[in-house]
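The structure file coords.txt is reproduced below (compact mmCIF, C-alpha atoms).
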```txt
# COMPACT_ATOMS: atom_id res chain seq x y z
CA MET A 256 -8.14 49.74 22.12
CA LYS A 257 -6.44 50.95 18.99
CA ILE A 258 -2.89 50.00 18.02
CA SER A 259 -1.88 53.65 18.16
CA GLU A 260 -3.07 53.89 21.76
CA LEU A 261 -0.41 51.38 22.82
CA ALA A 262 2.16 54.14 22.38
CA SER A 263 0.50 56.19 25.14
CA LEU A 264 0.88 53.39 27.70
CA GLU A 265 3.72 53.80 30.18
CA PRO A 266 6.55 52.92 29.63
CA PHE A 267 5.96 52.10 25.94
CA SER A 268 7.73 53.54 22.96
CA CYS A 269 6.87 52.96 19.35
CA VAL A 270 9.95 51.80 17.45
CA GLN A 271 8.26 50.96 14.15
CA GLY A 272 5.39 53.21 13.19
CA GLU A 273 4.52 52.16 9.68
CA TYR A 274 1.19 50.42 10.11
CA GLU A 275 -2.46 50.87 9.45
CA ASP A 276 -4.20 51.70 12.69
CA GLY A 277 -6.91 49.32 13.82
CA GLU A 278 -8.66 47.83 16.80
CA ILE A 279 -6.83 45.30 18.96
CA THR A 280 -9.22 42.74 20.31
CA SER A 281 -6.93 40.24 21.97
CA GLY A 282 -3.39 39.56 23.05
CA TYR A 283 -1.00 36.65 23.15
CA THR A 284 2.07 36.31 25.33
CA SER A 285 4.76 33.87 24.24
CA ASP A 286 8.37 33.58 23.22
CA LEU A 287 7.96 30.40 21.24
CA LEU A 288 7.22 31.15 17.64
CA SER A 289 5.39 27.89 16.88
CA ASP A 290 3.19 28.59 19.85
CA VAL A 291 2.44 32.06 18.51
CA MET A 292 1.82 30.59 15.08
CA GLY A 293 -0.64 28.07 16.38
CA ASN A 294 -2.47 30.14 18.96
CA ALA A 295 -2.29 33.91 18.46
CA GLU A 296 -5.51 35.37 17.12
CA GLU A 297 -5.97 37.52 14.04
CA GLY A 298 -5.71 41.20 14.94
CA SER A 299 -4.02 40.53 18.27
CA VAL A 300 -1.05 42.11 19.99
CA LEU A 301 1.93 39.85 20.63
CA ILE A 302 3.80 40.32 23.89
CA THR A 303 7.25 38.77 23.75
CA ILE A 304 10.97 39.11 24.35
CA GLN A 305 11.72 37.45 21.01
CA ALA A 306 13.12 40.50 19.20
CA HIS A 307 13.90 38.80 15.93
CA LYS A 308 13.04 39.02 12.28
CA ASN A 309 11.37 35.60 12.46
CA THR A 310 8.90 37.02 14.97
CA VAL A 311 7.71 39.37 12.23
CA ALA A 312 7.33 36.51 9.74
CA VAL A 313 5.24 34.53 12.22
CA SER A 314 3.20 37.58 13.20
CA SER A 315 2.45 38.35 9.61
CA LEU A 316 1.32 34.80 8.87
CA ALA A 317 -0.74 34.58 12.05
CA GLY A 318 -2.27 38.01 11.50
CA VAL A 319 -0.76 39.64 14.59
CA ALA A 320 -1.23 43.40 14.26
CA ALA A 321 1.31 44.68 16.76
CA ILE A 322 4.35 43.36 18.61
CA VAL A 323 5.45 44.53 22.04
CA ILE A 324 9.06 43.72 22.91
CA CYS A 325 9.53 43.49 26.67
CA ASN A 326 12.45 43.99 29.05
CA ASP A 327 13.89 46.64 26.75
CA ARG A 328 15.36 43.98 24.53
CA PRO A 329 17.13 45.66 21.62
CA VAL A 330 15.20 45.43 18.35
CA PRO A 331 17.53 44.60 15.45
CA GLU A 332 17.48 46.63 12.24
CA ASP A 333 16.32 43.76 10.06
CA MET A 334 13.34 43.20 12.34
CA LEU A 335 12.37 46.86 11.99
CA ALA A 336 12.74 46.70 8.22
CA ALA A 337 10.67 43.50 7.99
CA SER A 338 7.90 44.85 10.18
CA ALA A 339 7.76 48.11 8.23
CA GLU A 340 7.38 46.09 5.06
CA GLU A 341 4.61 43.97 6.61
CA GLY A 342 2.91 46.97 8.24
CA ILE A 343 3.17 45.53 11.74
CA ALA A 344 3.63 48.01 14.58
CA VAL A 345 6.50 47.35 16.99
CA PHE A 346 6.66 48.75 20.51
CA GLN A 347 9.31 48.46 23.16
CA THR A 348 8.90 48.52 26.91
CA SER A 349 11.12 48.14 29.95
CA GLU A 350 8.44 46.06 31.70
CA ASN A 351 8.38 42.26 31.67
CA GLN A 352 5.83 40.12 29.83
CA PHE A 353 3.62 39.59 32.88
CA ASN A 354 3.16 43.26 33.71
CA THR A 355 2.83 44.20 30.07
CA SER A 356 0.16 41.57 29.49
CA ALA A 357 -1.76 42.70 32.58
CA LEU A 358 -1.61 46.33 31.48
CA ILE A 359 -2.81 45.65 27.96
CA ALA A 360 -5.49 43.25 29.16
CA GLN A 361 -6.97 46.05 31.30
CA HIS A 362 -7.23 48.28 28.26
CA ILE A 363 -8.82 45.77 25.96
CA GLY A 364 -11.49 44.89 28.49
CA GLY A 365 -9.78 42.53 30.89
CA CYS A 366 -8.86 38.91 30.37
CA PRO A 367 -11.58 36.56 29.16
CA ALA A 368 -11.26 34.34 32.23
CA ALA A 369 -12.21 37.17 34.63
CA MET B 932 22.90 33.65 2.23
CA SER B 933 20.06 34.47 -0.13
CA GLU B 934 22.33 35.46 -3.00
CA GLU B 935 24.16 32.14 -2.95
CA HIS B 936 21.07 30.07 -3.45
CA LYS B 937 19.63 30.79 -6.84
CA GLN B 938 16.26 29.09 -7.31
CA PRO B 939 16.42 26.63 -10.20
CA LEU B 940 13.78 26.67 -12.91
CA GLN B 941 10.32 26.11 -11.52
CA SER B 942 9.58 23.38 -14.08
CA SER B 943 12.63 21.33 -13.13
CA LEU B 944 11.79 21.67 -9.45
CA ARG B 945 8.27 20.49 -10.25
CA VAL B 946 9.57 17.36 -11.92
CA GLN B 947 11.91 16.68 -9.04
CA GLU B 948 9.09 17.14 -6.57
CA LEU B 949 6.80 14.86 -8.54
CA ILE B 950 9.24 12.00 -8.70
CA TYR B 951 10.23 12.48 -5.07
CA GLY B 952 6.61 12.03 -4.15
CA LEU B 953 6.12 8.76 -6.02
CA ARG B 954 6.00 5.58 -3.96
CA ILE B 955 8.78 3.09 -4.55
CA SER B 956 6.11 0.50 -5.41
CA GLU B 957 4.96 2.67 -8.35
CA VAL B 958 8.44 2.75 -9.84
CA MET B 959 10.12 -0.57 -8.99
CA THR B 960 10.26 -3.67 -11.15
CA SER B 961 7.67 -6.01 -9.66
CA LYS B 962 8.70 -9.06 -11.64
CA VAL B 963 11.72 -10.09 -9.60
CA PHE B 964 13.99 -12.99 -10.29
CA ALA B 965 15.13 -14.44 -7.01
CA VAL B 966 16.89 -17.63 -6.00
CA SER B 967 16.69 -19.72 -2.87
CA ARG B 968 19.60 -20.59 -0.59
CA ASN B 969 20.25 -23.96 -2.22
CA CYS B 970 20.68 -22.60 -5.76
CA THR B 971 24.14 -22.51 -7.32
CA MET B 972 26.09 -19.65 -8.81
CA ARG B 973 25.50 -21.33 -12.17
CA ASP B 974 21.73 -20.89 -11.65
CA VAL B 975 22.27 -17.22 -10.97
CA GLN B 976 24.41 -16.86 -14.07
CA THR B 977 21.64 -18.37 -16.21
CA ILE B 978 19.03 -16.06 -14.70
CA MET B 979 21.20 -12.98 -15.22
CA LYS B 980 22.01 -13.94 -18.79
CA ASN B 981 18.47 -14.82 -19.83
CA ASN B 982 16.94 -11.72 -18.34
CA SER B 983 19.81 -9.25 -18.75
CA ILE B 984 19.88 -8.24 -15.11
CA THR B 985 22.82 -7.56 -12.84
CA GLY B 986 21.55 -8.53 -9.40
CA VAL B 987 19.56 -11.46 -8.03
CA PRO B 988 18.20 -11.47 -4.47
CA VAL B 989 18.49 -14.65 -2.43
CA VAL B 990 15.32 -15.44 -0.49
CA ASP B 991 14.29 -17.80 2.24
CA SER B 992 10.49 -18.10 2.42
CA LYS B 993 10.09 -14.72 0.73
CA ARG B 994 12.50 -12.95 3.13
CA VAL B 995 15.61 -11.44 1.57
CA VAL B 996 18.71 -13.05 3.05
CA GLY B 997 21.26 -11.82 0.51
CA ILE B 998 21.93 -10.64 -2.99
CA VAL B 999 24.23 -11.93 -5.72
CA THR B 1000 25.56 -9.24 -8.04
CA MET B 1001 27.58 -9.40 -11.23
CA ASN B 1002 30.62 -8.78 -9.09
CA ASP B 1003 30.04 -11.86 -6.92
CA LEU B 1004 29.41 -13.89 -10.04
CA MET B 1005 32.74 -12.85 -11.55
CA ASN B 1006 34.56 -13.71 -8.35
CA ALA B 1007 33.02 -17.17 -8.33
CA LEU B 1008 33.79 -17.61 -12.02
CA GLU B 1009 37.41 -16.67 -11.44
CA GLN B 1010 37.68 -19.26 -8.69
CA GLY B 1011 35.92 -21.87 -10.79
CA ALA B 1012 33.24 -22.11 -8.14
CA MET B 1013 30.14 -21.86 -10.29
CA GLU B 1014 28.67 -25.06 -8.89
CA GLN B 1015 28.93 -23.78 -5.34
CA ASN B 1016 25.99 -22.59 -3.30
CA VAL B 1017 24.92 -18.94 -3.62
CA THR B 1018 25.19 -18.52 0.14
CA ARG B 1019 29.02 -18.79 -0.18
CA TRP B 1020 29.23 -15.87 -2.60
CA MET B 1021 26.27 -13.60 -1.96
CA VAL B 1022 26.43 -10.36 -0.02
CA GLY B 1023 24.64 -11.21 3.18
CA GLU B 1024 23.81 -7.89 4.70
CA VAL B 1025 21.41 -6.39 2.25
CA GLN B 1026 19.99 -2.91 2.43
CA THR B 1027 16.35 -3.22 1.48
CA LEU B 1028 13.79 -0.49 0.85
CA ALA B 1029 10.17 -0.53 1.94
CA GLU B 1030 7.69 -0.40 -0.93
CA ASP B 1031 5.60 2.40 0.54
CA MET B 1032 8.56 4.76 1.04
CA PRO B 1033 8.69 7.81 -1.19
CA LEU B 1034 11.15 7.61 -4.07
CA SER B 1035 13.20 10.42 -2.54
CA PHE B 1036 14.37 7.96 0.14
CA ALA B 1037 15.58 5.58 -2.54
CA ILE B 1038 17.47 8.39 -4.23
CA SER B 1039 19.17 9.15 -0.89
CA ALA B 1040 19.97 5.44 -0.53
CA PHE B 1041 21.61 5.33 -3.95
CA GLY B 1042 23.68 8.33 -2.91
CA LYS B 1043 24.62 6.84 0.43
CA PHE B 1044 25.42 3.24 -0.50
CA SER B 1045 27.38 2.00 -3.47
CA PHE B 1046 24.76 -0.63 -4.38
CA ARG B 1047 23.32 -0.51 -7.86
CA GLN B 1048 20.03 -2.10 -6.89
CA PHE B 1049 17.91 -2.46 -3.82
CA PRO B 1050 15.50 -5.29 -3.10
CA VAL B 1051 12.11 -3.87 -2.12
CA VAL B 1052 10.04 -5.45 0.63
CA ASN B 1053 6.48 -5.07 1.91
CA LYS B 1054 5.34 -4.54 5.50
CA LYS B 1055 5.78 -8.25 6.23
CA ASN B 1056 9.38 -7.97 5.04
CA GLU B 1057 8.66 -10.11 1.98
CA LEU B 1058 10.38 -9.42 -1.33
CA THR B 1059 8.02 -7.62 -3.70
CA GLY B 1060 10.31 -5.92 -6.17
CA ILE B 1061 13.69 -4.56 -7.07
CA LEU B 1062 14.70 -0.96 -7.64
CA THR B 1063 17.54 0.07 -9.94
CA PHE B 1064 18.77 3.35 -11.38
CA ARG B 1065 16.94 2.39 -14.51
CA ASN B 1066 13.60 2.50 -12.72
CA ILE B 1067 14.36 5.98 -11.46
CA ASN B 1068 15.38 7.16 -14.92
CA HIS B 1069 12.17 5.79 -16.35
CA ALA B 1070 10.10 7.57 -13.73
CA LEU B 1071 12.00 10.77 -14.41
CA ILE B 1072 11.39 10.57 -18.13
CA ARG B 1073 7.73 9.77 -17.58
CA GLU B 1074 7.26 12.79 -15.31
CA LEU B 1075 9.25 15.02 -17.66
CA SER B 1076 7.03 14.21 -20.61
CA ARG B 1077 3.93 14.63 -18.50
CA GLN B 1078 5.21 18.02 -17.36
CA LEU B 1079 5.95 19.01 -20.96
CA ARG B 1080 2.46 18.04 -22.06
CA GLN B 1081 1.03 20.13 -19.26
CA MET B 1082 3.16 23.12 -20.24
CA GLU B 1083 2.00 22.79 -23.84
CA GLN B 1084 -1.61 22.69 -22.75
CA GLN B 1085 -1.07 25.70 -20.58
CA SER B 1086 0.46 27.75 -23.37
CA GLU B 1087 -2.60 26.93 -25.48
CA GLN B 1088 -5.03 27.80 -22.72
CA PRO B 1089 -3.33 30.12 -20.26
CA VAL B 1090 -4.59 29.87 -16.68
CA GLU B 1091 -6.70 32.84 -15.67
CA PRO B 1092 -4.76 35.04 -13.27
CA ALA B 1093 -7.59 35.09 -10.74
CA SER B 1094 -8.17 31.33 -10.74
CA LEU B 1095 -7.44 29.22 -7.72
CA ASN B 1096 -4.84 27.05 -9.42
CA LEU B 1097 -1.19 26.90 -8.56
CA SER B 1098 1.67 24.44 -8.56
CA LYS B 1099 4.81 25.79 -7.10
CA VAL B 1100 7.90 24.28 -5.54
CA TYR B 1101 10.35 26.05 -3.27
CA GLN B 1102 13.82 24.85 -2.48
CA LEU B 1103 15.01 25.34 1.09
CA HIS B 1104 18.49 25.22 2.51
CA ARG B 1105 19.75 24.25 5.91
CA TYR B 1106 19.85 27.07 8.47
CA ASP B 1107 18.71 29.61 5.91
CA PHE B 1108 16.30 31.25 8.36
CA GLU B 1109 16.65 34.38 6.28
CA ASN B 1110 14.46 32.84 3.58
CA GLY B 1111 12.40 30.48 5.75
CA GLY B 1112 8.89 31.93 5.64
CA LYS B 1113 9.03 33.35 2.14
CA ALA B 1114 7.12 30.49 0.56
CA SER B 1115 4.39 30.71 3.21
CA SER B 1116 4.04 34.47 2.73
CA GLU B 1117 3.68 34.08 -1.01
CA ILE B 1118 1.10 31.32 -0.70
CA LYS B 1119 -0.83 33.24 1.94
CA LYS B 1120 -0.96 36.26 -0.34
CA PHE B 1121 -2.04 34.13 -3.28
CA LEU B 1122 -4.98 32.64 -1.35
CA LYS B 1123 -5.99 35.92 0.26
CA GLU B 1124 -6.12 37.70 -3.08
CA ARG B 1125 -8.45 35.01 -4.39
CA GLY B 1126 -10.93 35.46 -1.60
CA VAL B 1127 -10.23 32.27 0.36
CA PRO B 1128 -11.75 32.68 3.87
CA PRO B 1129 -9.20 34.01 6.40
CA LYS B 1130 -9.57 30.97 8.67
CA LEU B 1131 -8.55 28.64 5.86
CA VAL B 1132 -5.72 30.89 4.75
CA ARG B 1133 -4.43 30.83 8.27
CA ARG B 1134 -4.50 27.04 8.46
CA VAL B 1135 -2.56 26.81 5.23
CA ALA B 1136 -0.12 29.42 6.52
CA VAL B 1137 0.46 27.50 9.76
CA ALA B 1138 1.09 24.18 8.01
CA SER B 1139 3.27 25.71 5.37
CA TYR B 1140 5.34 27.83 7.73
CA GLU B 1141 6.01 25.00 10.16
CA LEU B 1142 7.09 22.71 7.34
CA GLU B 1143 9.25 25.45 5.89
CA ILE B 1144 10.96 26.05 9.22
CA ASN B 1145 11.37 22.31 9.76
CA LEU B 1146 13.25 22.05 6.48
CA VAL B 1147 15.48 24.96 7.40
CA ALA B 1148 16.07 24.00 11.02
CA HIS B 1149 16.14 20.21 10.96
CA SER B 1150 16.90 18.89 7.50
CA ILE B 1151 20.03 19.10 5.42
CA GLY B 1152 17.88 20.78 2.80
CA GLY B 1153 14.80 19.92 0.83
CA MET B 1154 11.83 21.16 -1.05
CA LEU B 1155 8.34 22.37 -0.28
CA GLY B 1156 5.68 21.89 -2.93
CA PHE B 1157 2.25 23.47 -3.21
CA ASP B 1158 -0.50 22.10 -5.36
CA ILE B 1159 -3.60 24.24 -5.16
CA ASN B 1160 -6.96 23.90 -6.86
CA GLU B 1161 -10.54 24.93 -6.13
CA ASN B 1162 -11.02 22.02 -3.76
CA ARG B 1163 -7.90 21.82 -1.70
CA VAL B 1164 -4.36 22.91 -0.90
CA LYS B 1165 -1.82 20.12 -0.91
CA ILE B 1166 1.51 20.86 0.70
CA SER B 1167 4.33 18.35 0.48
CA SER B 1168 7.69 18.58 2.09
CA HIS B 1169 10.62 16.41 1.05
CA ASP B 1170 14.08 16.41 2.47
CA ARG B 1171 17.23 14.41 1.99
CA GLY B 1172 17.85 13.63 5.62
CA PRO B 1173 18.79 13.05 8.33
CA GLY B 1174 15.37 11.45 8.90
CA ILE B 1175 13.33 11.15 12.07
CA GLU B 1176 14.09 8.28 14.39
CA ASP B 1177 10.67 8.18 15.98
CA THR B 1178 7.88 9.94 14.07
CA GLU B 1179 5.45 9.17 16.86
CA LYS B 1180 7.57 11.23 19.24
CA ALA B 1181 8.07 14.00 16.69
CA LEU B 1182 4.29 14.37 16.61
CA THR B 1183 4.12 14.81 20.38
CA GLN B 1184 3.73 18.37 21.56
CA GLY B 1185 6.80 19.65 23.30
CA TYR B 1186 9.18 17.03 21.92
CA SER B 1187 12.06 18.69 20.13
CA THR B 1188 15.55 17.85 18.95
CA ALA B 1189 16.40 21.49 18.25
CA ASN B 1190 19.81 22.73 19.36
CA GLU B 1191 20.49 25.90 21.33
CA TRP B 1192 21.06 27.97 18.24
CA ILE B 1193 17.75 26.98 16.68
CA ARG B 1194 16.06 27.78 19.98
CA SER B 1195 17.71 31.19 20.05
CA GLN B 1196 15.94 31.87 16.76
CA GLY B 1197 12.65 31.33 18.55
CA PHE B 1198 12.08 27.82 17.23
CA GLY B 1199 12.30 24.33 18.67
CA ALA B 1200 9.26 24.49 20.92
CA GLY B 1201 8.28 21.01 19.80
CA MET B 1202 5.06 22.23 18.26
CA GLY B 1203 5.92 22.23 14.59
CA LEU B 1204 4.63 18.88 13.38
CA PRO B 1205 1.78 18.78 15.93
CA ASN B 1206 0.67 22.19 14.61
CA VAL B 1207 0.76 20.92 11.02
CA LYS B 1208 -1.25 17.85 11.93
CA ARG B 1209 -3.82 19.89 13.83
CA VAL B 1210 -4.60 22.24 10.93
CA SER B 1211 -4.60 19.52 8.26
CA ASP B 1212 -7.64 17.65 6.98
CA GLU B 1213 -5.32 14.91 5.76
CA PHE B 1214 -1.85 14.37 7.14
CA ALA B 1215 0.84 11.83 6.36
CA ILE B 1216 4.45 11.45 7.39
CA GLU B 1217 7.08 8.99 6.23
CA SER B 1218 10.61 9.02 7.53
CA ALA B 1219 13.69 6.83 7.51
CA VAL B 1220 16.96 7.60 9.22
CA GLY B 1221 19.67 8.43 6.70
CA MET B 1222 17.22 8.74 3.87
CA GLY B 1223 14.86 11.60 4.55
CA THR B 1224 11.42 12.67 5.58
CA MET B 1225 8.28 13.31 3.61
CA VAL B 1226 5.31 15.14 5.05
CA GLN B 1227 2.07 15.74 3.25
CA SER B 1228 -0.67 18.05 4.46
CA ILE B 1229 -3.98 18.54 2.71
CA ILE B 1230 -6.40 21.30 3.64
CA TYR B 1231 -9.86 21.28 2.04
CA LEU B 1232 -11.12 24.53 0.61
CA LYS B 1233 -14.53 23.41 -0.61
CA SER B 1234 -16.19 21.66 2.31
CA GLU B 1235 -15.28 24.44 4.74
CA LYS B 1236 -16.76 27.02 2.42
CA GLU B 1237 -19.98 25.04 2.23
CA ASN B 1238 -20.07 24.66 6.01
CA GLU B 1239 -19.70 28.39 6.46
CA ASN B 1240 -22.58 29.02 4.12
CA GLN B 1241 -24.91 26.76 6.05
```
Please express what this file holds, its structure, as structure tokens.
Amino acid sequence: MKISELASLEPFSCVQGEYEDGEITSGYTSDLLSDVMGNAEEGSVLITIQAHKNTVAVSSLAGVAAIVICNDRPVPEDMLAASAEEGIAVFQTSENQFNTSALIAQHIGGCPAA
Amino acid sequence: MSEEHKQPLQSSLRVQELIYGLRISEVMTSKVFAVSRNCTMRDVQTIMKNNSITGVPVVDSKRVVGIVTMNDLMNALEQGAMEQNVTRWMVGEVQTLAEDMPLSFAISAFGKFSFRQFPVVNKKNELTGILTFRNINHALIRELSRQLRQMEQQSEQPVEPASLNLSKVYQLHRYDFENGGKASSEIKKFLKERGVPPKLVRRVAVASYELEINLVAHSIGGMLGFDINENRVKISSHDRGPGIEDTEKALTQGYSTANEWIRSQGFGAGMGLPNVKRVSDEFAIESAVGMGTMVQSIIYLKSEKENENQ
């Protein structure tokens, strides 16, 4: 699925829309930044509650293309500014990480283990 | 925070980084004058006078058991006790340095203790040298002139902008999460622009970012140096303390000493150093409590490229 298509998922809203649209091939769910750094794949979507500027730094270095902030955690201004600068899309959802991961996994062709 | 910390000149940071990275054994005086327990203060006086030195270690089968300094000598002289045994006047609890420690640890030790010299010992705890301020000054001057020569050469033959050559040092401050990550972003961009394969860029980014965050989250401040050429990326991290009690543990996944605040920033998962080690082709860590930590990570650029072509 494309990054832009994440916005059409319920109940997602795009909070940072300055990015170059592209295909998302995988996802990674974690709130530990070192874990994200070490394991998230290039071009993946990161599902997390870690709404912080550092999440953008890690995403950028790891090549994460989009971040989904779960549980409606507020996204601080400096995180939005940093992600706009890096061209990383940021979405917000009221769902938790489990449900969000399951939903996205369905759209990108299910989880690899299935 | 960012405004307060002005980055010093790159060339001076380079010199600092270079001397920090030297081993104590490369800088110390190896020809040491030592005395045994049964020597007298008079013997020490003769040694000091003849060799113009200010401190003489006392050894017992190569192990350092004390040190006699100019101060002790003067005390003995004042008391007319020059024929007495050194053991009566020496300082018994001596802080020694290990010869394979990086020089940065010695610099911390000079800052922490009031001693003017440190006996240096090998792995077997045997005396192999002595380190004074003078040694450090010499090393500093040596590196400065080397750096100057390099700068002169570079001004004669400027490095091509597209070439894969870079030496850069970043200074990092405690809890400055605001700027933690900047060095890694810059280096990532540098490598990407020069066509380094994404997989390698990512490994460099992981090592560099983790080390950067370690400096910010766990050290009282330090520096991160990059030395890049066609063959490899060398990243070295030096800090001034507090040092790691158990490096073995620090390299275990999930082990972390991070406080709540660091965790709230999304760090402290206990994966930092293990991540660095995993992505490195060569990895080394040296740490001493109260003196600092040095980590070096080398990632090969050449061999991987060749492998990918096969």
Open item on the list: Between atom CA of Glu340 of chain A and atom CA of Gly272 of chain A, what is the distance in Å, rounded to a tenth?
Closed with: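 Pair atom CA of Glu340 of chain A / atom CA of Gly272 of chain A returns 11.0 Å.
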- [ ] For Thr960 of chain B, work out the shell of residues within 7 Å, counting all atoms listed in the file and skipping chain neighbours fewer than 4 positions away, then give it as a list in words.
- [x] Gly1060, Ile1061 and Leu1062 of chain B
Open item on the list: Can you pull out the residues contacting Ile998 of chain B? Cut-off 6 Å, using only C-alpha atoms, and skip same-chain residues under 4 positions away; I want them as number ranges by chain.
Closed with: B: 987-989, 1021-1022
Keeping only C-alpha atoms, write those residues as a PDB file, keeping the file's coordinate frame.
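Once everything was written out, this is out_20.pdb:
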```pdb
ATOM      1  CA  VAL B 987      19.560 -11.460  -8.030  1.00  0.00           C
ATOM      2  CA  PRO B 988      18.200 -11.470  -4.470  1.00  0.00           C
ATOM      3  CA  VAL B 989      18.490 -14.650  -2.430  1.00  0.00           C
ATOM      4  CA  MET B1021      26.270 -13.600  -1.960  1.00  0.00           C
ATOM      5  CA  VAL B1022      26.430 -10.360  -0.020  1.00  0.00           C
TER       6      VAL B1022
END
```
Open item on the list: For segment 1174-1191 of chain B, find every residue with an atom within 12 Å (counting all atoms listed in the file), except residues of its own chain fewer than 6 positions away, and show them as a ChimeraX atom specification.
Closed with: /A:287,289-290,293 /B:1035-1036,1039,1106,1144-1153,1197-1209,1214-1226
Task: Point-to-point distance in Å for atom CA of Val319 of chain A and atom CA of Ser1094 of chain B - done: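 About the pair atom CA of Ser1094 of chain B and atom CA of Val319 of chain A: they are 27.7 Å apart.
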Return as AutoDock Vina command-line options the centre and edge lengths, in Å with one decimal, of the box along x, y and z that encloses every atom of segment 296-301 of chain A in the file, padded by 8 Å per side.
```
--center_x -2.0 --center_y 38.7 --center_z 17.3 --size_x 23.9 --size_y 22.7 --size_z 22.6
```
Closest atom pairs, residues of chain A within 8 Å of chain B, all atoms listed in the file, as CSV:
```
residue,atom,partner,partner_atom,distance
A:Asp286,CA,B:Gly1197,CA,6.7
A:Leu287,CA,B:Gly1197,CA,5.5
A:Leu288,CA,B:Gly1197,CA,5.5
A:Ser289,CA,B:Met1202,CA,5.8
A:Asp290,CA,B:Met1202,CA,6.8
A:Met292,CA,B:Val1137,CA,6.3
A:Gly293,CA,B:Asn1206,CA,6.3
A:Gln305,CA,B:Gly1197,CA,6.7
A:His307,CA,B:Gln1196,CA,7.3
A:Asn309,CA,B:Gln1196,CA,7.3
A:Thr310,CA,B:Gly1197,CA,7.7
A:Ala312,CA,B:Gly1112,CA,6.3
A:Val313,CA,B:Gly1112,CA,8.0
A:Leu316,CA,B:Ala1136,CA,6.0
A:Ala317,CA,B:Arg1133,CA,6.5
```
Open item on the list: So, with all atoms listed in the file as the atoms that count, which of A:Ala339, A:Met334, A:Ile359, A:Ser349 lies closest to Glu260 of chain A?
Closed with: A:Ile359
- [ ] Kindly indicate which residue among B:Ile1159, B:Val958, B:Met979, B:Leu1131 lies nearest to Val1100 of chain B, using all atoms listed in the file for the distances.
- [x] B:Ile1159
TODO: Give me, please, the distance in Å between atom CA of Gly997 of chain B and atom CA of Lys1055 of chain B, quoted to one decimal.
DONE: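 These atoms are spaced 16.9 Å apart.
Of the listed residues (B:Gln941, B:Ala1007, B:Val946, B:Arg994), B:Val946 comes nearest to Ile1072 of chain B; the distances count all atoms listed in the file.
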Task: Selection: 12 Å around Asn1068 of chain B, all atoms listed in the file, excl. self and same-chain fewer than 4 positions, as a ChimeraX atom specification - done: /B:947,950,958-959,1034,1038,1062-1064,1072-1075
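Proximity of B:Ala1012, B:Val999, B:Ile984, B:Ala1037 to Leu953 of chain B, computed with only C-alpha atoms, is greatest for B:Ala1037.
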List the residues sitting within 10 Å of (-7.3, 13.6, 4.2) in the file's frame, using only C-alpha atoms, as a compact mmCIF listing (two decimals) with C-alpha atoms, in the frame of the given file.
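This is the output file part-v6.txt:
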```txt
# COMPACT_ATOMS: atom_id res chain seq x y z
CA LYS B 1165 -1.82 20.12 -0.91
CA SER B 1211 -4.60 19.52 8.26
CA ASP B 1212 -7.64 17.65 6.98
CA GLU B 1213 -5.32 14.91 5.76
CA PHE B 1214 -1.85 14.37 7.14
CA ALA B 1215 0.84 11.83 6.36
CA GLN B 1227 2.07 15.74 3.25
CA SER B 1228 -0.67 18.05 4.46
CA ILE B 1229 -3.98 18.54 2.71
CA ILE B 1230 -6.40 21.30 3.64
CA TYR B 1231 -9.86 21.28 2.04
```
TODO: Name the residues in contact with Ala320 of chain A at a cut-off of 6 Å, using all atoms listed in the file, excluding same-chain residues fewer than 6 positions from it; report them as a list of chain:residue names.
DONE: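 Those residues are A:Gly298, A:Ser299, A:Val300, A:Ile343.
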